[in-house]
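Below: the structure, in structure tokens.
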Amino acid sequence: MRTLTQLADGLRRRSFSSVELVGALLARIEKSQPALNAFISVAAAEALEAARAADRTLAAGGGGPLTGVPIAHKDIFCTAGMRTTCGSRMLDNFVSPYDATVVARLKRAGALLLAKTNMDEFAMGSSNENSFYGPVRNPWNPQMVPGGSSGGSAAAVAARLVPGATGTDTGGSIRQPAALCGITGMKPTYGRVSRYGMIAFASSLDQGGTLTASAADAALMLREMAGFDPRDSTSVDAPVPDYVAAIEEPITGLRIGLLAEFFDKGLDAENERCVREALRVLEGLGARVSQVSLPNLPMSVPVYYVVAPAEASSNLARYDGVRFGHRCENPRDLTDMYRRSRGEGFGAEVKRRIMTGTYVLSAGYYDAYYLKAQRVRALINADFVRAFQSVDVLIGPTTPTPAFPIGAKTADPITMYLNDIYTIGANLAGLPAISVPCGFAAGLPVGLQIVGPHFSEARVLAAAHAFQRTTDWHTRVPVGYA
Amino acid sequence: MSEWETVIGLEIHAQLATRSKIFSGSATAYGAPPNTQADLVDLGYPGVLPVLNGEAVRMVVKLGLAIDARIAPLSVFARKNYFYPDLPKGYQISQYELPVVARGTLEIVLEDGTVKRIGITRAHLEEDAGKSLHEGLPGVTGIDLNRAGTPLVEIVSEPDMRSAKEAVAYMKKMHTLVRYLEICDGNMQEGSFRCDANVSVRPRGAQKFGTRAEIKNLNSFRFVERAINFEVARQVELLESGRAVVQETRLYDPDKGETRSMRSKEEANDYRYFPDPDLLPLKVDAALIESVRATLPELPDQKAARFASQYGLSAYDAGVLTASRELAAYYEEAVRAAPEDPKLAANWVMGDLAAALNKEGLEVGAAKISAPRLGELLRRMHDGTISGKIAKEVFELMWSQGSSADAVIAAQGLRQITDSDAIARVIDEVMAKNPAQLADYRAGKDKLFGFFVGQVMKATGGKANPAQLNELLRKKLPG
Amino acid sequence: MALTREQIASIATLARLDLTADEVPLYQEGLSRILEFVGALERADTADVTPMAHPLPGLTQRLRPDEVTEGDGHERYQQNAPRTAAGLYLVPKVIE
Ligand SMILES: [Mg+2]
Ligand SMILES: [Zn+2]
């Protein structure tokens with residue numbers, strides 16, 4: 001199985017056709033679906049049609065950087081004329097009338113939409129057990145979770161069902177499943193990738209990104225996805241560097257800060273071993289490692305579980321059964337329609353977060369919870385700003401442990417929330433961060449996380465790419481999916 | 001005199017006259033078929049995001065400058081969360097803690113002529129909601145979201161008004177101002193300009209405010225006055241019978257002329273305001289302020305002062321003539337055509353013209369006599385072609401026929417008789433026909449002078465020049 | 001802090017969520033656990049700290065030109081609507 005970069009190249013050289021490629025992938029998808037449940041919708045006929053068009057374009061010597069390359073979108077991205085469910089019963093029958101900017105850009109670059117991936121409902125979850133369409137399973141071990149909320153995208157790329165997929169990362173939802181599935185997950189700087197058409201969970205934290213087999217693939221996909229969008233007020237109007245060219249930059253002299261707070265008592269010994277080994281590899285490539293402390297970082301999870309639910313409680317108010325989405329049968333009156341449509345349409349975790357968010361914003365609690373959390377968020381941000389005065393990137397584990405068994409953490413929300421303890425900081429401060437495979441613990445992949453200052457995607461990708469040029473963790477494929 | 005004092009504050013909602021909506025590219029035109037001007041952003045579709053209309057910002061800054069307010073260098077959009085079917089996202093984007101405009105003032109003239117300054121706490125940008133329709137839909141409500149996302153400025157006054165009349169005067173003044181600024185069309189029937197009134201009463205002399213009721217969505221000056229008067233009476237009656245006023249939202253029913261509780265809408269309301277994470281802080285810098293300032297027109301108060309001094313008008317007349325930019329422009333155009341007597345022009349514009357417009361329910365822009373033509377009529381009075389009395393006749397014909405003053409005068413033969421010989425001949429005839437009255441006059445009955453004036457006017461169809469007639473009569477009657 | 005059944009009920013009302021009788025204790029427990037967990041924030045010294053609402057401090061709102069760019073799409077948009085008639089979205093009778 002070849003990487004996204006190799007496939008794009010092969011198509012351009014016409015070593016194989018897009019129709020052949022799409023056909024082969026559709027066969028793999030069909031075979032894997034009962035075991036992994038990585039997809040919610042597969043656009044077989046449309047993808048084949050688009051592949052035929054791509055082949056014609058390529059035959060005529062035309063095409064963009066991704067012409068004919070099939071990819072998958074997390075089902076949080078709106079796709080015109082196609083069902084977009086966000087993993088929720090609420091949107092089970094929702095057909096988007098428009099394309100998300102990310103979808104439109106990748107289409108413009110020539111990529112084909114092959115399928116929409118499974119996800120935790122409204123991106124709320126760290127294990128992909130919260131989907132209305134059932135849990136996604138980890139290709140490395142189907143008893144294990146793939147991580148979440150972009151679990152379908154991670155499992156699909158890990159099982160080489162698609163060469164690349166989009167994801168969204170609000171508290172680690174790209175990096176954490178990438179780590180648990182042994183692939184590369186890139187969350188860019190907040191504002192780098194348009195949020196238009198990406199169904200909102202927590203607007204000040206959500207950011208679209210990539211799940212691919214390698215950092216080089218991430219660079220290619222991100223280059224085509226990123227950039228200013230006048231439809232998103234929080235999108236940043238700054239030129240997008242050519243990440244594909246930039247990743248070849250050597251990392252000699254790169255100043256790496258080892259995040260002291262990440263090597264805490266919750267970190268699995270095997271994960272720690274893999275990460276420390278990876279640091280030695282990077283030192284071998286000329287990077288200089290020093291210890292860095294971000295004293296307020298341990299507060300990132302409590303901050304997140306105030307800010308994200310608060311924003312979500314408001315963002316999800318539009319699902320009221322009036323203009324789209326689920327409406328209950330025979331409502332008695334307006335209030336009954338609201339309460340039953342929402343009660344039936346949302347799953348348990350979504351309701352829990354809406355309730356938490358409603359509570360922390362309500363009269364008498366706003367200052368103590370919401371405002372306090374936004375103040376602590378400022379402290380965490382200041383820690384990052386300070387750290388980046390002396391180092392170029394921060395490095396640590398992506399997750400405290402490898403993938404855990406399905407059902408193991410569903411009883412207590414806090415146990416589940418602590419999965420994101422190492423990833424949330426980058427969301428609170430809007431920083432670019434990547435997770436790359438750096439070894440295995442008991443047969444399950446372990447992720448290394450690299451975090452950079454705002455708009456340093458090129459450098460973060462270059463560090464990841466340098467690591468992948470001297471290691472082969474990212475080339476490992478789960479048994480049965482080679 | 002009542003021992004209760006009324007305290008009123010108004011929250012005015014004015015629709016800003018932008019072409020497109022505040023956060024989307026939909027049109028704002030009134031009266032389109034349902035939901036044809038509601039795009040994905042207005043509908044609150046999954047995934048869509050708001051982008052702020054710069055013109056709405058310029059308009060609210062313009063208002064801020066006109067009321068001498070502080071313009072915040074940074075203001076913040078917040079979400080006001082509540083469920084209602086005409087509110088598509090489940091929240092209204094508004095401004096809460098940091099509004100763009102704060103601390104302004106507006107002067108109103110009270111009935112006794114004194115000037116009162118009304119404080120304006122704040123003015124902020126927000127989006128309008130859609131409309132719920134009930135008629136012809138048995139058992140259901142229909143939602144039209146064309147209005148959803150129309151830009152509004154909410155102007156919140158201090159509780160500075162002490163009577164329904166003051167409240168109306170303030171609302172009218174604000175209405176005049178927003179139309180002067182061309183930031184709102186002021187159309188109250190279409191809901192472009194409406195207000196909520198916060199009303200309370202307290203014993204005269206008390207420092208503390210009484211419990212207030214908020215009367216929602218008043219869309220005419222008359223309703224504002226009636227609703228407040230009803231509400232004051234209701235509250236006084238409650239207090240005088242030993243009961244308490246409940247803080248609540250009330251609705252004015254214009255058919256019954258009363259306000260009633262809207263507790264249904266209030267039920268468990270907790271708006272959970274927080275900064276909208278989809279929008280960044282709004283920056284209004286000096287350059288923006290100065291570029292808006294450059295577009296400020298002459299404001300109503302400035303114009304009234306100029307009219308008073310330039311045209312020698314009373315403060316009252318100047319106020320009436322500057323009540324709208326269009327009326328003031330009409331007046332000035334008429335004066336330009338007949339510069340000899342600006343006071344006469346004022347009387348005609350406020351008198352016959354206003355009456356004719358009123359009778360047909362027309363705005364001054366639709367007057368059937370243009371300002372230059374009214375000026376021509378004024379000149380014909382001034383140069384003695386017609387008398388003031390005949391002018392009224394000419395005015396009516398000009399209005400109904402759409403012709404010029406000179407055309408009417410010529411066609412109807414209304415030109416004043418200024419030929420002394422001709423007038424003298426008529427006088428001689430009248431004297432000959434009335435020998436008894438002439439004798440009495442000559443015997444000292446001076447009052448009969450008027451009788452002869454009347455007879456001559458009658459004989460000439462009112463066209464004799466009054467000054468010449470008087471002079472000739474005074475010469476001839478004594479014999 | 002532990003939330004009462006009544007508090008859960010009033011939050012669910014505010015959020016317009018229908019909860020069954022047996023769901024209430026679950027949310028009672030879950031929310032209480034979460035609030036206890038986020039209560040750790042109380043210990044942070046945030047005197048004089050400005051709350052951070054956006055991850056990119058210093059950026060300000062971009063202004064869009066006042067242009068009509070969107071036309072009538074109601075027929076397409078209403079394909080997702082549970083109930084419509086004559087171009088209107090229908091809901092159970094709203095009583096004012
Ligand atoms: Mg208000
Ligand atoms: Zn308002």
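Following the order of the structure tokens, chains are lettered A, B, ..., residues in each are numbered from 1, and ligands are numbered from 1.
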Exercise for the section: Using only C-alpha atoms, find which residues of chain B lie within 9 Å of chain C and jot them down as a PyMOL selection string. Expected result: chain B and resi 18-28+33-40+43+51-57+74+82-83+85+132-134+137-145+251+262-265+268-270+275-277+279-283
Exercise for the section: Pull out every residue of chain A sitting within 6 Å of chain B, counting only C-alpha atoms, and send them as a PyMOL selection string. Expected result: chain A and resi 196-200+203-204+232-233+317-318+361-362
Problem - Environment of ligand 2 within 7 Å, counting only C-alpha atoms and all ligand atoms, reported as a PyMOL selection string - result: chain B and resi 13+126+154
Exercise for the section: Name each residue within 10 Å of ligand 1, counting only C-alpha atoms and all ligand atoms, as a list in words. Expected result: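 Based on only C-alpha atoms and all ligand atoms, ligand 1 is surrounded within 10 Å by Leu10, Glu11, Ile12, His13, Ser94, Tyr96, Glu154, Ile155, Val156, Cys195, Asp196, Ala197, Glu214 and Lys216 of chain B.
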Problem - Nearest-residue call for chain C, choices A:Ser96, A:Asn271, A:Ser153, A:Ser127, using only C-alpha atoms - result: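 Comparing A:Ser96, A:Asn271, A:Ser153, A:Ser127 against chain C, the winner is A:Ser96.
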Exercise for the section: Return the neighbours of chain C among the residues of chain A, cut-off 6 Å, counting only C-alpha atoms, as JSON, numbers by chain. Expected result: {"A": [204, 302, 323, 324, 333, 334, 338, 339, 340, 342, 343, 374, 375, 378, 429, 430]}
Exercise for the section: Skip B:Gly454 itself and residues of its chain fewer than 3 positions away, then list as a VMD selection string all residues within 12 Å of it, counting only C-alpha atoms. Expected result: chain B and resid 426 to 427 430 448 to 451 457 to 464 466 469 to 470 473
Any chance you can output those residues with C-alpha atoms as an mmCIF file, in the first residue's frame?
data_model
loop_
_atom_site.group_PDB
_atom_site.id
_atom_site.type_symbol
_atom_site.label_atom_id
_atom_site.label_comp_id
_atom_site.auth_asym_id
_atom_site.auth_seq_id
_atom_site.Cartn_x
_atom_site.Cartn_y
_atom_site.Cartn_z
ATOM 1 C CA VAL B 426 -66.190 100.076 -9.401
ATOM 2 C CA ILE B 427 -66.166 102.317 -6.296
ATOM 3 C CA VAL B 430 -70.972 100.840 -5.531
ATOM 4 C CA LEU B 448 -69.502 101.427 7.207
ATOM 5 C CA PHE B 449 -66.035 101.734 5.628
ATOM 6 C CA GLY B 450 -65.781 97.930 5.849
ATOM 7 C CA PHE B 451 -69.146 97.574 4.130
ATOM 8 C CA MET B 457 -64.377 93.035 -3.399
ATOM 9 C CA LYS B 458 -67.600 91.239 -4.151
ATOM 10 C CA ALA B 459 -67.965 93.121 -7.388
ATOM 11 C CA THR B 460 -64.385 92.352 -8.467
ATOM 12 C CA GLY B 461 -64.427 88.719 -7.413
ATOM 13 C CA GLY B 462 -61.920 89.535 -4.630
ATOM 14 C CA LYS B 463 -59.300 90.625 -7.095
ATOM 15 C CA ALA B 464 -59.028 94.318 -6.218
ATOM 16 C CA PRO B 466 -56.617 95.694 -1.033
ATOM 17 C CA LEU B 469 -58.803 99.902 -2.662
ATOM 18 C CA ASN B 470 -58.398 101.262 0.871
ATOM 19 C CA LEU B 473 -62.125 104.560 -0.713
#
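Counting from atom CA of A:Val145, the distance to atom CA of A:Pro405 is 5.9 Å.
DSSP, applied to the backbone of this structure, assigns strand (DSSP E or B) to the following residues of stretch 39-184 of chain A: A:Phe39, A:Ile40, A:Ser41, A:Val42, A:Pro70, A:Ile71, A:Ala72, A:His73, A:Lys74, A:Phe77, A:Arg83, A:Val95, A:Leu112, A:Leu113, A:Leu114, A:Ala115, A:Lys116, A:Thr117, A:Asn138, A:Asn141, A:Met144, A:Gly164, A:Ala165, A:Thr166, A:Gly167, A:Thr168, A:Thr184.
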Preceding selection exported with N, CA and C atoms as a JSON list (two decimals), in the first residue's frame:
[["chain", "number", "residue", "atom", "x", "y", "z"],
["A", 39, "PHE", "N", -16.69, 3.78, 8.78],
["A", 39, "PHE", "CA", -17.41, 4.73, 7.92],
["A", 39, "PHE", "C", -18.89, 4.83, 8.26],
["A", 40, "ILE", "N", -19.44, 6.00, 7.99],
["A", 40, "ILE", "CA", -20.89, 6.19, 8.13],
["A", 40, "ILE", "C", -21.54, 6.14, 6.75],
["A", 41, "SER", "N", -20.91, 6.76, 5.76],
["A", 41, "SER", "CA", -21.42, 6.72, 4.40],
["A", 41, "SER", "C", -20.27, 6.46, 3.43],
["A", 42, "VAL", "N", -20.55, 5.69, 2.41],
["A", 42, "VAL", "CA", -19.56, 5.46, 1.35],
["A", 42, "VAL", "C", -20.19, 5.91, 0.03],
["A", 70, "PRO", "N", -8.25, 9.44, -3.84],
["A", 70, "PRO", "CA", -9.45, 9.32, -2.99],
["A", 70, "PRO", "C", -9.10, 9.62, -1.53],
["A", 71, "ILE", "N", -9.97, 10.36, -0.89],
["A", 71, "ILE", "CA", -9.79, 10.64, 0.54],
["A", 71, "ILE", "C", -11.15, 10.47, 1.23],
["A", 72, "ALA", "N", -11.11, 10.50, 2.56],
["A", 72, "ALA", "CA", -12.35, 10.43, 3.34],
["A", 72, "ALA", "C", -12.45, 11.68, 4.20],
["A", 73, "HIS", "N", -13.69, 12.12, 4.42],
["A", 73, "HIS", "CA", -13.91, 13.23, 5.34],
["A", 73, "HIS", "C", -14.59, 12.74, 6.59],
["A", 74, "LYS", "N", -14.16, 13.27, 7.70],
["A", 74, "LYS", "CA", -14.87, 13.02, 8.95],
["A", 74, "LYS", "C", -16.30, 13.52, 8.73],
["A", 77, "PHE", "N", -17.76, 17.28, 8.52],
["A", 77, "PHE", "CA", -17.62, 18.25, 7.43],
["A", 77, "PHE", "C", -18.84, 18.16, 6.51],
["A", 83, "ARG", "N", -25.29, 13.03, 2.75],
["A", 83, "ARG", "CA", -25.64, 12.98, 4.15],
["A", 83, "ARG", "C", -24.45, 13.40, 5.02],
["A", 95, "VAL", "N", -29.06, 16.18, 4.83],
["A", 95, "VAL", "CA", -28.26, 16.26, 3.60],
["A", 95, "VAL", "C", -27.81, 17.71, 3.46],
["A", 112, "LEU", "N", -10.76, 13.14, -4.50],
["A", 112, "LEU", "CA", -12.10, 12.57, -4.63],
["A", 112, "LEU", "C", -12.62, 12.20, -3.25],
["A", 113, "LEU", "N", -13.90, 12.45, -3.05],
["A", 113, "LEU", "CA", -14.51, 12.07, -1.78],
["A", 113, "LEU", "C", -15.00, 10.63, -1.90],
["A", 114, "LEU", "N", -14.36, 9.76, -1.13],
["A", 114, "LEU", "CA", -14.69, 8.35, -1.19],
["A", 114, "LEU", "C", -15.73, 7.98, -0.13],
["A", 115, "ALA", "N", -15.58, 8.54, 1.05],
["A", 115, "ALA", "CA", -16.48, 8.14, 2.15],
["A", 115, "ALA", "C", -16.43, 9.16, 3.28],
["A", 116, "LYS", "N", -17.44, 9.05, 4.15],
["A", 116, "LYS", "CA", -17.48, 9.89, 5.35],
["A", 116, "LYS", "C", -17.22, 8.99, 6.56],
["A", 117, "THR", "N", -16.33, 9.44, 7.43],
["A", 117, "THR", "CA", -15.91, 8.55, 8.50],
["A", 117, "THR", "C", -16.72, 8.71, 9.78],
["A", 138, "ASN", "N", -10.34, -0.55, 16.74],
["A", 138, "ASN", "CA", -8.95, -0.27, 16.42],
["A", 138, "ASN", "C", -8.39, -1.38, 15.55],
["A", 141, "ASN", "N", -6.18, -3.96, 17.11],
["A", 141, "ASN", "CA", -6.81, -4.93, 18.01],
["A", 141, "ASN", "C", -8.28, -4.54, 18.14],
["A", 144, "MET", "N", -10.06, -3.07, 21.09],
["A", 144, "MET", "CA", -9.62, -1.79, 21.64],
["A", 144, "MET", "C", -10.30, -0.63, 20.91],
["A", 164, "GLY", "N", -5.65, 9.14, 3.13],
["A", 164, "GLY", "CA", -5.70, 10.32, 3.99],
["A", 164, "GLY", "C", -7.13, 10.65, 4.32],
["A", 165, "ALA", "N", -7.33, 11.25, 5.48],
["A", 165, "ALA", "CA", -8.67, 11.64, 5.88],
["A", 165, "ALA", "C", -8.60, 12.93, 6.67],
["A", 166, "THR", "N", -9.69, 13.67, 6.62],
["A", 166, "THR", "CA", -9.75, 14.87, 7.45],
["A", 166, "THR", "C", -10.23, 14.48, 8.84],
["A", 167, "GLY", "N", -9.94, 15.36, 9.78],
["A", 167, "GLY", "CA", -10.42, 15.18, 11.14],
["A", 167, "GLY", "C", -10.59, 16.54, 11.76],
["A", 168, "THR", "N", -11.12, 16.56, 12.96],
["A", 168, "THR", "CA", -11.17, 17.83, 13.70],
["A", 168, "THR", "C", -10.64, 17.57, 15.09],
["A", 184, "THR", "N", -0.17, 9.36, 11.59],
["A", 184, "THR", "CA", 0.25, 10.74, 11.80],
["A", 184, "THR", "C", -0.98, 11.64, 11.80]]
Exercise for the section: Please report, as a PyMOL selection string, each residue of stretch 14-74 of chain C to which DSSP assigns helix (DSSP H, G or I) when run on this structure's backbone. Expected result: chain C and resi 14+23-43+74
Handout entry: Nearest-residue call for B:Ala169, choices B:Ala102, B:Ala286, B:Ile108, B:Cys184, using only C-alpha atoms
Key =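 Between B:Ala102, B:Ala286, B:Ile108, B:Cys184, the residue approaching B:Ala169 most closely is B:Ile108.
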